[in-house]
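Asker: Dumping the structure here so I can ask a few things about it.
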Amino acid sequence: MGYDNNNRDRDRDRDRDKGAAGTGFHTAKRFPERGGPDWVGPIVDYKEIDLLRKFLTSSSKMMSRKRGGANAQEQKALKLAVKRARFLALIPYRGQ
């Protein structure tokens, strides 16, 4: 009893249609107002503790790009900001 080819085709078509409509997972930027041609400064700063906590799990691990919704440039900026904030003891290295 394997996976039916009709179901596989239906699922593939549904996923393709979702992405084409612009409502897919990777269509929106996580920080749309930051990083544009008019933006001056870093995308994420280490002093923005509330923002950084949104990208940490309860055990203080960084979320993946897919789970956090950030692109490569944003994820790299988040990584650097989290490392700096941890070094300055603004956020913990380990969760509770």
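Labeling convention for the structure tokens: chains A, B, ... as they appear, residues from 1 per chain, ligands from 1 in order of appearance.
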Skip region 76-80 of chain A itself and residues of its chain fewer than 3 positions away, then list as number ranges by chain all residues within 10 Å of it, counting only C-alpha atoms.
Answerer: A: 42-46, 51-52, 55, 62-63, 65, 70-73, 83-86
Asker: Please produce a file of those selected residues containing N, CA and C atoms, as a CSV table (one decimal), in the first residue's frame.
Answerer:
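Once everything was written out, this is result.csv:
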```csv
chain,number,residue,atom,x,y,z
A,42,PRO,N,22.9,48.8,11.4
A,42,PRO,CA,22.7,47.3,11.3
A,42,PRO,C,21.2,46.9,11.1
A,43,ILE,N,21.0,45.8,10.6
A,43,ILE,CA,19.6,45.3,10.5
A,43,ILE,C,19.1,45.0,11.8
A,44,VAL,N,19.9,44.3,12.7
A,44,VAL,CA,19.5,44.0,14.1
A,44,VAL,C,20.7,44.5,15.0
A,45,ASP,N,20.3,45.1,16.1
A,45,ASP,CA,21.4,45.6,17.0
A,45,ASP,C,21.3,44.7,18.2
A,46,TYR,N,22.5,44.5,18.9
A,46,TYR,CA,22.5,43.6,20.1
A,46,TYR,C,21.8,44.2,21.2
A,51,LEU,N,13.5,42.0,20.6
A,51,LEU,CA,13.6,41.4,19.2
A,51,LEU,C,14.4,40.2,19.2
A,52,LEU,N,15.6,40.2,19.8
A,52,LEU,CA,16.4,39.0,19.8
A,52,LEU,C,15.7,37.8,20.5
A,55,PHE,N,13.7,35.3,18.4
A,55,PHE,CA,14.4,34.4,17.6
A,55,PHE,C,15.1,33.3,18.4
A,62,MET,N,19.2,29.5,19.0
A,62,MET,CA,18.7,30.3,17.9
A,62,MET,C,17.8,29.5,17.0
A,63,MET,N,16.7,30.1,16.6
A,63,MET,CA,15.8,29.4,15.6
A,63,MET,C,16.5,29.3,14.3
A,65,ARG,N,16.6,29.5,10.1
A,65,ARG,CA,16.1,30.5,9.2
A,65,ARG,C,14.7,30.2,8.8
A,70,ALA,N,13.7,34.4,8.5
A,70,ALA,CA,14.7,35.4,8.1
A,70,ALA,C,15.5,34.9,6.9
A,71,ASN,N,16.0,35.9,6.1
A,71,ASN,CA,16.8,35.5,4.9
A,71,ASN,C,18.2,35.3,5.4
A,72,ALA,N,19.2,35.0,4.5
A,72,ALA,CA,20.6,34.7,5.0
A,72,ALA,C,21.2,36.0,5.6
A,73,GLN,N,21.0,37.1,5.0
A,73,GLN,CA,21.6,38.4,5.5
A,73,GLN,C,21.1,38.7,6.9
A,83,LYS,N,25.3,36.8,19.7
A,83,LYS,CA,26.6,36.6,20.3
A,83,LYS,C,27.1,37.7,21.1
A,84,ARG,N,26.9,38.9,20.6
A,84,ARG,CA,27.3,40.1,21.4
A,84,ARG,C,26.5,40.3,22.6
A,85,ALA,N,25.2,40.1,22.5
A,85,ALA,CA,24.3,40.3,23.7
A,85,ALA,C,24.6,39.2,24.7
A,86,ARG,N,24.9,38.0,24.3
A,86,ARG,CA,25.3,37.0,25.3
A,86,ARG,C,26.6,37.3,26.0
```
Asker: Mind giving me the straight-line distance from CA of Pro92 (chain A) to CA of Asp50 (chain A) in Å, one decimal?
Answerer: 12.9 Å
Asker: Rounded to one decimal place, report the CA of Ser60 (chain A)-CA of Glu74 (chain A) distance in Å.
Answerer: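 Atom-to-atom, CA of Ser60 (chain A) to CA of Glu74 (chain A), that is 18.3 Å.
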Asker: Point out the residue among A:Gly41, A:Gly69, A:Glu48, A:Gly35 with the least atom-to-atom distance to Leu90 (chain A), counting only C-alpha atoms.
Answerer: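 Checking each candidate against Leu90 (chain A), we get A:Glu48 as the closest.
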